[in-house]
Amino acid sequence: MSTKELNRRLQTLENARKKLKSKFVGLDEIIDQVIHLVTPWYALPDLQTRPVIINLWGLTGSGKTQLVRELITLLDFNDYSTVLDTGRGRRTGFLAKLENLYKERNGKEHVILLDEFQHARTIDEIGKETNLLDVQPIWDLFDSGKIQYYEQSFGRYDLYDLLRQLNFLVERGVKAENGKVTKGKKLVNEVRNLSEASNSKPKDWFIPTDYWANIYEELRGEYSSYAVLKEQILSLDHIGSLKLMERACKASLNPIIIDCTKCLVFVVGNLDEAFQMSRNTSSDSSADNLRKQSENISVSKIKESLLKRFRPEQVARLGNNHVIYPAFGTSEFKQIVGMKLESTRNQLAVRFGINCEFESSVIDYIISEGVTPAHGARPLFGTISSVVDAQLPHLLLFSKQHDLKNDEVFIWKIESNKVLINRGEKLVLKHELFSFIEKLKRPKKDDMQALVAVHEAGHALLHYLLNHEVPEQIIAQSANDSISGCVERRYSKRIMNKTRFQDELTILFGGLIAEELVFGKDNISFGAESDLRAATEFAKSAVNSSGMSGKLMVFSESSIFIDDTLRPCDDTNAEVKRLLEYNADRARGLLNKNIHVLKTVAKVLANEAKLTGEQFQLILNKFQLEVIESKGDYRSMLFDNENSDQTTYQLLVNPSLNHSKS
């Protein structure tokens with residue numbers, strides 16, 4: 001490759017990097033990783049002896065597939081790419097897709113996109129091997145880059161039948177020159193069931209033209225084009241024709257080898273086992289909290305999750321190039337909406353001469369109505385269509401009916417669930433919005449919201465007192481039918497130990513005890529059932545499996561007993577009960593001591609439906625709260641008051657000190 005060509009390719013990659021970053025929000029680091037991994041394949045393909053495998057994992061709607069498609073276009077590889085949805089295709093579909101590669105690009109640079117790859121699983125949900133999708137050729141692709149298979153073709157059998165027929169004719173004296181029968185035409189016609197009375201006209205070809213394409217397919221490696229084969233057939237006598245047919249039949253026994261060694265392969269999928277937040281369908285969830293969780297998913301976690309779907313040797317074939325997409329945070333969602341609105345604004349200006357500006361209330365409403373954090377950007381576009389695009393025909397009609405100046409601007413805003421479009425100080429358009437999510441989030445200020453407000457305030461206050469941090473948000477009116485409210489904590493990587501276990505158990509009783517203290521024991525609701533179940537299961541697991549009872553052994557938590565567990569005994573069950581009662585009393589004492597704070601937070605939640613962490617902190621600042629003293633972290637406990645052994649430690653981390661002392 002010339003210096004000029006190498007420079008061109010490197011510049012193309014840099015241009016692609018810039019264009020991708022201008023189009024995709026919040027993915028700058030992802031784009032840098034992808035360009036870095038693509039560079040050897042694109043810049044120096046001659047050095048490649050195995051396919052380059054790049055795995056992209058993330059939540060749905062995070063832009064994985066779209067980014068690959070855009071990159072393929074920017075690198076001008078649209079004509080040299082193969083896309084397969086492994087969630088739908090089977091072996092025949094996969095090989096059929098790659099047949100075009102075999103015919104046109106065998107052994108040459110090509111891009112293969114395997115989408116929805118999580119569905120190509122070879123291990124089912126219970127750990128059993130499955131052949132739900134016969135995808136062995138895909139694993140051959142990942143391994144050596146060469147896919148070998150035997151084509152099931154009726155054309156092969158036709159060739160064998162024709163060879164037997166031609167041998168029979170030659171044995172009976174039929175001869176040919178220049179591809180045509182010169183002796184024994186009558187016998188040829190009889191064998192081929194052709195007669196003068198039939199509609200089929202007798203042909204003089206010794207090898208009928210209907211078979212030429214099949215011969216070419218089998219002998220593709222010998223001929224540069226179909227025209228070259230045709231030219232040879234037209235030069236053969238009957239003996240040469242038989243030899244050609246024998247070569248074609250022999251070649252049909254050989255496997256087809258699709259050479260993908262110079263391919264770039266993108267493996268794209270959603271892994272629920274790694275991205276456990278994908279099961280969270282609530283639009284109330286904090287996008288920023290979700291993003292923090294996703295940013296802590298490591299390559300090790302991805303491989304661990306893959307092992308639940310694929311055999312170990314298959315996971316190994318996927319390699320180590322795992323690019324992990326983060327979830328979109330609030331900032332990214334706002335940028336996506338802003339870019340879409342800017343695109344709409346530019347189109348209106350260019351195509352219709354209509355100038356528009358969108359106030360922040362439009363973006364805020366679209367975010368509130370359209371964002372389900374775990375579902376990515378896709379739901380947003382439908383919301384933008386219903387909020388903005390649905391108004392455009394009315395705006396266009398208005399502009400045509402009135403004589404507008406070019407410098408006049410339509411100002412869009414949303415108030416009280418209505419789209420308002422002003423021209424200057426005058427309201428020109430007003431439309432009611434059909435909210436599906438946003439109205440579910442509005443405070444109802446009824447008995448249920450009051451009850452949930454007290455319940456969630458109890459959880460939130462105990463979380464603050466014991467963990468020394470405010471939650472991400474507290475919700476007393478949810479848009480999710482499956483829950484009435486919740487306390488969403490900020491993502492944390494704290495280690496679970498005995499102290500933390502006790503604190504978490506206390507927090508689980510926060511809702512039930514808060515209801516008891518505010519409404520009385522007789523008015524406790526059934527809403528605490530899930531908390532009680534969680535607390536019981538948590539305590540049972542800690543006692544039976546984690547040594548929290550002081551008994552250094554593991555007890556079975558199910559009716560199935562295996563060799564490394566013991567049957568629960570009365571002592572362990574009594575310890576579970578003691579822990580539950582102790583931490584319920586602990587929750588009661590802490591909440592009763594801070595009852596005024598509890599009621600204040602609950603009253604705000606009963607009216608506002610949701611509190612952010614910052615708003616919760618503002619309320620807490622009005623009270624003198626006594627939080628439970630932190631026990632410190634493990635590292636500080638390890639190194640506290642360490643003076644005597646510093647010399648030894650320094651010698652270990654800095655061996656050169658040994659020489660200086662000597």
# chains A, B, ... in the order shown; residues from 1 in each chain; ligands from 1

call {"tool": "residues_around", "arguments": {"residues": "region 138-146 of chain A", "least_positions_apart": "4", "cutoff": "6 Å", "atoms": "only C-alpha atoms", "output": "PyMOL selection string"}}
result
chain A and resi 50-51+258-261+317

call {"tool": "residues_around", "arguments": {"residues": "region 175-185 of chain A", "least_positions_apart": "3", "cutoff": "12 Å", "atoms": "only C-alpha atoms", "output": "CSV table (one decimal) with C-alpha atoms, in the first residue's frame"}}
result
chain,number,residue,atom,x,y,z
A,166,LEU,CA,-23.8,-38.3,-21.8
A,167,ASN,CA,-21.8,-41.4,-21.0
A,168,PHE,CA,-24.7,-43.5,-22.3
A,169,LEU,CA,-25.0,-41.5,-25.5
A,170,VAL,CA,-21.2,-41.6,-26.2
A,171,GLU,CA,-21.3,-45.4,-25.7
A,172,ARG,CA,-24.0,-45.6,-28.3
A,188,VAL,CA,-30.1,-37.6,-28.3
A,189,ASN,CA,-33.7,-36.3,-28.9
A,190,GLU,CA,-35.2,-39.6,-27.9
A,191,VAL,CA,-33.2,-39.8,-24.6
A,192,ARG,CA,-34.1,-36.2,-23.8
A,194,LEU,CA,-37.8,-34.3,-27.5
A,195,SER,CA,-39.9,-34.9,-30.6
A,202,PRO,CA,-34.7,-30.0,-30.3
A,203,LYS,CA,-31.4,-28.5,-29.4
A,204,ASP,CA,-28.0,-29.4,-30.9
A,205,TRP,CA,-26.0,-28.8,-27.7
A,206,PHE,CA,-24.2,-31.8,-26.4
A,207,ILE,CA,-24.2,-30.2,-22.9
A,208,PRO,CA,-27.6,-28.5,-22.7
A,209,THR,CA,-27.4,-24.7,-22.0
A,212,TRP,CA,-24.0,-24.3,-17.9
A,229,LEU,CA,-16.5,-21.2,-19.5
A,230,LYS,CA,-19.1,-20.7,-22.3
A,231,GLU,CA,-16.2,-20.1,-24.7
A,232,GLN,CA,-14.6,-23.4,-23.7
A,233,ILE,CA,-17.8,-25.4,-24.0
A,234,LEU,CA,-18.2,-24.1,-27.5
A,235,SER,CA,-14.8,-25.5,-28.4
A,236,LEU,CA,-15.2,-29.1,-27.0
A,237,ASP,CA,-15.9,-32.4,-28.6
A,238,HIS,CA,-17.8,-35.2,-26.9
A,239,ILE,CA,-14.7,-36.5,-25.1
A,240,GLY,CA,-13.7,-33.0,-23.8
A,241,SER,CA,-17.3,-32.4,-22.8
A,242,LEU,CA,-17.3,-35.6,-20.7
A,244,LEU,CA,-15.6,-31.2,-18.2

call {"tool": "atom_distance", "arguments": {"atom1": "CA of Leu392 (chain A)", "atom2": "CA of Arg442 (chain A)"}}
result
27.5 Å

call {"tool": "select_by_dssp", "arguments": {"residues": "region 75-281 of chain A", "states": "helix (DSSP H, G or I)", "output": "ChimeraX atom specification"}}
result
/A:78-80,91-104,117-120,136-143,154-171,185-191,209-218,220-222,226-233,238-252,276-279

call {"tool": "select_by_dssp", "arguments": {"residues": "region 174-285 of chain A", "states": "strand (DSSP E or B)", "output": "PyMOL selection string"}}
result
chain A and resi 175-177+180-183+205+256-259+263-269

call {"tool": "write_last_selection", "arguments": {"atoms": "N, CA, C and O atoms", "output": "short mmCIF file (atom, residue, chain, number, x, y, z; two decimals), in the first residue's frame"}}
result
data_model
loop_
_atom_site.label_atom_id
_atom_site.label_comp_id
_atom_site.auth_asym_id
_atom_site.auth_seq_id
_atom_site.Cartn_x
_atom_site.Cartn_y
_atom_site.Cartn_z
N LYS A 175 -21.56 -38.37 -31.17
CA LYS A 175 -20.34 -37.56 -31.21
C LYS A 175 -20.70 -36.09 -31.27
O LYS A 175 -21.82 -35.71 -31.64
N ALA A 176 -19.70 -35.25 -30.90
CA ALA A 176 -19.95 -33.80 -30.89
C ALA A 176 -18.69 -33.06 -31.28
O ALA A 176 -17.57 -33.55 -31.12
N GLU A 177 -18.86 -31.88 -31.82
CA GLU A 177 -17.79 -30.96 -32.17
C GLU A 177 -18.25 -29.55 -31.80
O GLU A 177 -19.42 -29.21 -31.98
N LYS A 180 -21.55 -29.00 -30.01
CA LYS A 180 -22.82 -29.42 -30.59
C LYS A 180 -22.75 -30.86 -31.08
O LYS A 180 -21.70 -31.35 -31.49
N VAL A 181 -23.92 -31.52 -31.05
CA VAL A 181 -24.01 -32.91 -31.50
C VAL A 181 -23.86 -32.96 -33.01
O VAL A 181 -24.55 -32.24 -33.74
N THR A 182 -22.93 -33.83 -33.49
CA THR A 182 -22.72 -33.98 -34.94
C THR A 182 -23.17 -35.35 -35.45
O THR A 182 -23.38 -35.55 -36.63
N LYS A 183 -23.32 -36.30 -34.52
CA LYS A 183 -23.74 -37.64 -34.91
C LYS A 183 -24.63 -38.21 -33.80
O LYS A 183 -24.30 -38.15 -32.64
N TRP A 205 -27.08 -28.80 -28.70
CA TRP A 205 -25.99 -28.76 -27.72
C TRP A 205 -25.77 -30.13 -27.10
O TRP A 205 -26.70 -30.79 -26.66
N ILE A 256 -17.73 -26.07 0.20
CA ILE A 256 -17.55 -24.65 -0.11
C ILE A 256 -16.85 -24.01 1.07
O ILE A 256 -17.23 -24.22 2.23
N ILE A 257 -15.82 -23.23 0.83
CA ILE A 257 -15.09 -22.55 1.90
C ILE A 257 -15.26 -21.05 1.72
O ILE A 257 -14.78 -20.47 0.73
N ILE A 258 -15.94 -20.43 2.66
CA ILE A 258 -16.11 -18.97 2.65
C ILE A 258 -14.98 -18.37 3.47
O ILE A 258 -14.86 -18.62 4.67
N ASP A 259 -14.14 -17.62 2.81
CA ASP A 259 -12.95 -17.05 3.45
C ASP A 259 -13.26 -15.66 4.00
O ASP A 259 -13.42 -14.70 3.25
N CYS A 263 -12.22 -10.08 7.21
CA CYS A 263 -13.48 -9.41 7.56
C CYS A 263 -13.37 -8.67 8.88
O CYS A 263 -12.59 -9.02 9.76
N LEU A 264 -14.18 -7.64 8.99
CA LEU A 264 -14.42 -6.94 10.26
C LEU A 264 -15.79 -7.38 10.74
O LEU A 264 -16.79 -7.18 10.04
N VAL A 265 -15.86 -8.00 11.91
CA VAL A 265 -17.11 -8.57 12.40
C VAL A 265 -17.56 -7.81 13.65
O VAL A 265 -16.83 -7.75 14.65
N PHE A 266 -18.74 -7.22 13.59
CA PHE A 266 -19.34 -6.57 14.75
C PHE A 266 -20.38 -7.51 15.36
O PHE A 266 -21.30 -7.96 14.67
N VAL A 267 -20.21 -7.80 16.63
CA VAL A 267 -21.18 -8.59 17.39
C VAL A 267 -21.93 -7.63 18.29
O VAL A 267 -21.34 -6.99 19.16
N VAL A 268 -23.24 -7.50 18.07
CA VAL A 268 -24.03 -6.49 18.78
C VAL A 268 -25.16 -7.17 19.54
O VAL A 268 -25.86 -8.04 18.98
N GLY A 269 -25.35 -6.80 20.79
CA GLY A 269 -26.43 -7.43 21.55
C GLY A 269 -26.73 -6.74 22.86
O GLY A 269 -26.01 -5.85 23.31
#

call {"tool": "atom_distance", "arguments": {"atom1": "CA of Leu397 (chain A)", "atom2": "CA of Glu369 (chain A)"}}
result
27.2 Å

call {"tool": "atom_distance", "arguments": {"atom1": "CA of Arg17 (chain A)", "atom2": "CA of Gly61 (chain A)"}}
result
20.6 Å

call {"tool": "residues_around", "arguments": {"residues": "Ile123 (chain A)", "least_positions_apart": "2", "cutoff": "10 Å", "atoms": "only C-alpha atoms", "output": "list in words"}}
result
Ala120, Arg121, Glu125, Ile126, Gly127, Lys128, Glu129, Thr130, Asn131, Leu132, Leu306, Leu307, Lys308, Arg309, Phe310 and Arg311 of chain A

call {"tool": "write_last_selection", "arguments": {"atoms": "N, CA and C atoms", "output": "PDB file, in the first residue's frame"}}
result
ATOM      1  N   ALA A 120     -28.574 -15.867  19.847  1.00  0.00           N
ATOM      2  CA  ALA A 120     -27.876 -17.006  19.229  1.00  0.00           C
ATOM      3  C   ALA A 120     -27.355 -17.959  20.294  1.00  0.00           C
ATOM      4  N   ARG A 121     -27.943 -17.914  21.461  1.00  0.00           N
ATOM      5  CA  ARG A 121     -27.459 -18.661  22.615  1.00  0.00           C
ATOM      6  C   ARG A 121     -27.371 -20.158  22.336  1.00  0.00           C
ATOM      7  N   GLU A 125     -31.897 -21.202  29.580  1.00  0.00           N
ATOM      8  CA  GLU A 125     -32.039 -20.557  30.879  1.00  0.00           C
ATOM      9  C   GLU A 125     -31.686 -21.464  32.050  1.00  0.00           C
ATOM     10  N   ILE A 126     -31.779 -22.763  31.865  1.00  0.00           N
ATOM     11  CA  ILE A 126     -31.476 -23.678  32.963  1.00  0.00           C
ATOM     12  C   ILE A 126     -30.100 -24.329  32.802  1.00  0.00           C
ATOM     13  N   GLY A 127     -29.291 -23.801  31.883  1.00  0.00           N
ATOM     14  CA  GLY A 127     -27.927 -24.282  31.714  1.00  0.00           C
ATOM     15  C   GLY A 127     -27.766 -25.465  30.799  1.00  0.00           C
ATOM     16  N   LYS A 128     -28.809 -25.822  30.071  1.00  0.00           N
ATOM     17  CA  LYS A 128     -28.758 -26.972  29.178  1.00  0.00           C
ATOM     18  C   LYS A 128     -28.403 -26.511  27.763  1.00  0.00           C
ATOM     19  N   GLU A 129     -27.566 -27.303  27.080  1.00  0.00           N
ATOM     20  CA  GLU A 129     -27.191 -26.949  25.711  1.00  0.00           C
ATOM     21  C   GLU A 129     -28.402 -27.054  24.803  1.00  0.00           C
ATOM     22  N   THR A 130     -28.488 -26.115  23.880  1.00  0.00           N
ATOM     23  CA  THR A 130     -29.646 -26.071  23.001  1.00  0.00           C
ATOM     24  C   THR A 130     -29.216 -25.864  21.565  1.00  0.00           C
ATOM     25  N   ASN A 131     -30.003 -26.380  20.654  1.00  0.00           N
ATOM     26  CA  ASN A 131     -29.783 -26.156  19.224  1.00  0.00           C
ATOM     27  C   ASN A 131     -30.940 -25.364  18.635  1.00  0.00           C
ATOM     28  N   LEU A 132     -31.477 -24.470  19.466  1.00  0.00           N
ATOM     29  CA  LEU A 132     -32.593 -23.653  19.006  1.00  0.00           C
ATOM     30  C   LEU A 132     -32.243 -22.920  17.721  1.00  0.00           C
ATOM     31  N   LEU A 306     -22.024 -13.769  29.483  1.00  0.00           N
ATOM     32  CA  LEU A 306     -21.999 -14.553  28.250  1.00  0.00           C
ATOM     33  C   LEU A 306     -21.963 -16.051  28.539  1.00  0.00           C
ATOM     34  N   LEU A 307     -21.306 -16.421  29.634  1.00  0.00           N
ATOM     35  CA  LEU A 307     -21.212 -17.839  29.986  1.00  0.00           C
ATOM     36  C   LEU A 307     -22.566 -18.434  30.358  1.00  0.00           C
ATOM     37  N   LYS A 308     -23.550 -17.599  30.627  1.00  0.00           N
ATOM     38  CA  LYS A 308     -24.894 -18.082  30.909  1.00  0.00           C
ATOM     39  C   LYS A 308     -25.676 -18.343  29.621  1.00  0.00           C
ATOM     40  N   ARG A 309     -25.094 -17.935  28.498  1.00  0.00           N
ATOM     41  CA  ARG A 309     -25.756 -18.118  27.204  1.00  0.00           C
ATOM     42  C   ARG A 309     -24.932 -18.966  26.227  1.00  0.00           C
ATOM     43  N   PHE A 310     -23.608 -19.022  26.447  1.00  0.00           N
ATOM     44  CA  PHE A 310     -22.740 -19.703  25.490  1.00  0.00           C
ATOM     45  C   PHE A 310     -21.727 -20.583  26.224  1.00  0.00           C
ATOM     46  N   ARG A 311     -21.201 -21.575  25.508  1.00  0.00           N
ATOM     47  CA  ARG A 311     -20.192 -22.457  26.080  1.00  0.00           C
ATOM     48  C   ARG A 311     -18.872 -21.692  26.265  1.00  0.00           C
TER      49      ARG A 311
END

call {"tool": "residues_around", "arguments": {"residues": "region 424-438 of chain A", "least_positions_apart": "2", "cutoff": "10 Å", "atoms": "only C-alpha atoms", "output": "ChimeraX atom specification"}}
result
/A:283-284,365-372,383,386-387,390-391,394-395,398,408-412,414-422,440-442,478-480

call {"tool": "residues_around", "arguments": {"residues": "region 62-79 of chain A", "least_positions_apart": "2", "cutoff": "7 Å", "atoms": "only C-alpha atoms", "output": "PyMOL selection string"}}
result
chain A and resi 12+16+56+58-60+81+268+327+376-377

call {"tool": "write_last_selection", "arguments": {"atoms": "C-alpha atoms", "output": "PDB file, in the first residue's frame"}}
result
ATOM      1  CA  THR A  12     -11.007   8.736   6.517  1.00  0.00           C
ATOM      2  CA  ALA A  16     -15.542   9.200  10.562  1.00  0.00           C
ATOM      3  CA  LEU A  56     -20.797  -4.032  21.378  1.00  0.00           C
ATOM      4  CA  GLY A  58     -25.550  -2.241  26.017  1.00  0.00           C
ATOM      5  CA  LEU A  59     -29.161  -1.489  26.813  1.00  0.00           C
ATOM      6  CA  THR A  60     -31.747  -1.348  24.054  1.00  0.00           C
ATOM      7  CA  SER A  81     -21.201  -5.500   4.127  1.00  0.00           C
ATOM      8  CA  VAL A 268     -24.031  -6.488  18.778  1.00  0.00           C
ATOM      9  CA  ALA A 327     -27.012   4.103  29.693  1.00  0.00           C
ATOM     10  CA  GLY A 376     -32.826   4.264  25.730  1.00  0.00           C
ATOM     11  CA  ALA A 377     -33.622   6.904  23.126  1.00  0.00           C
TER      12      ALA A 377
END
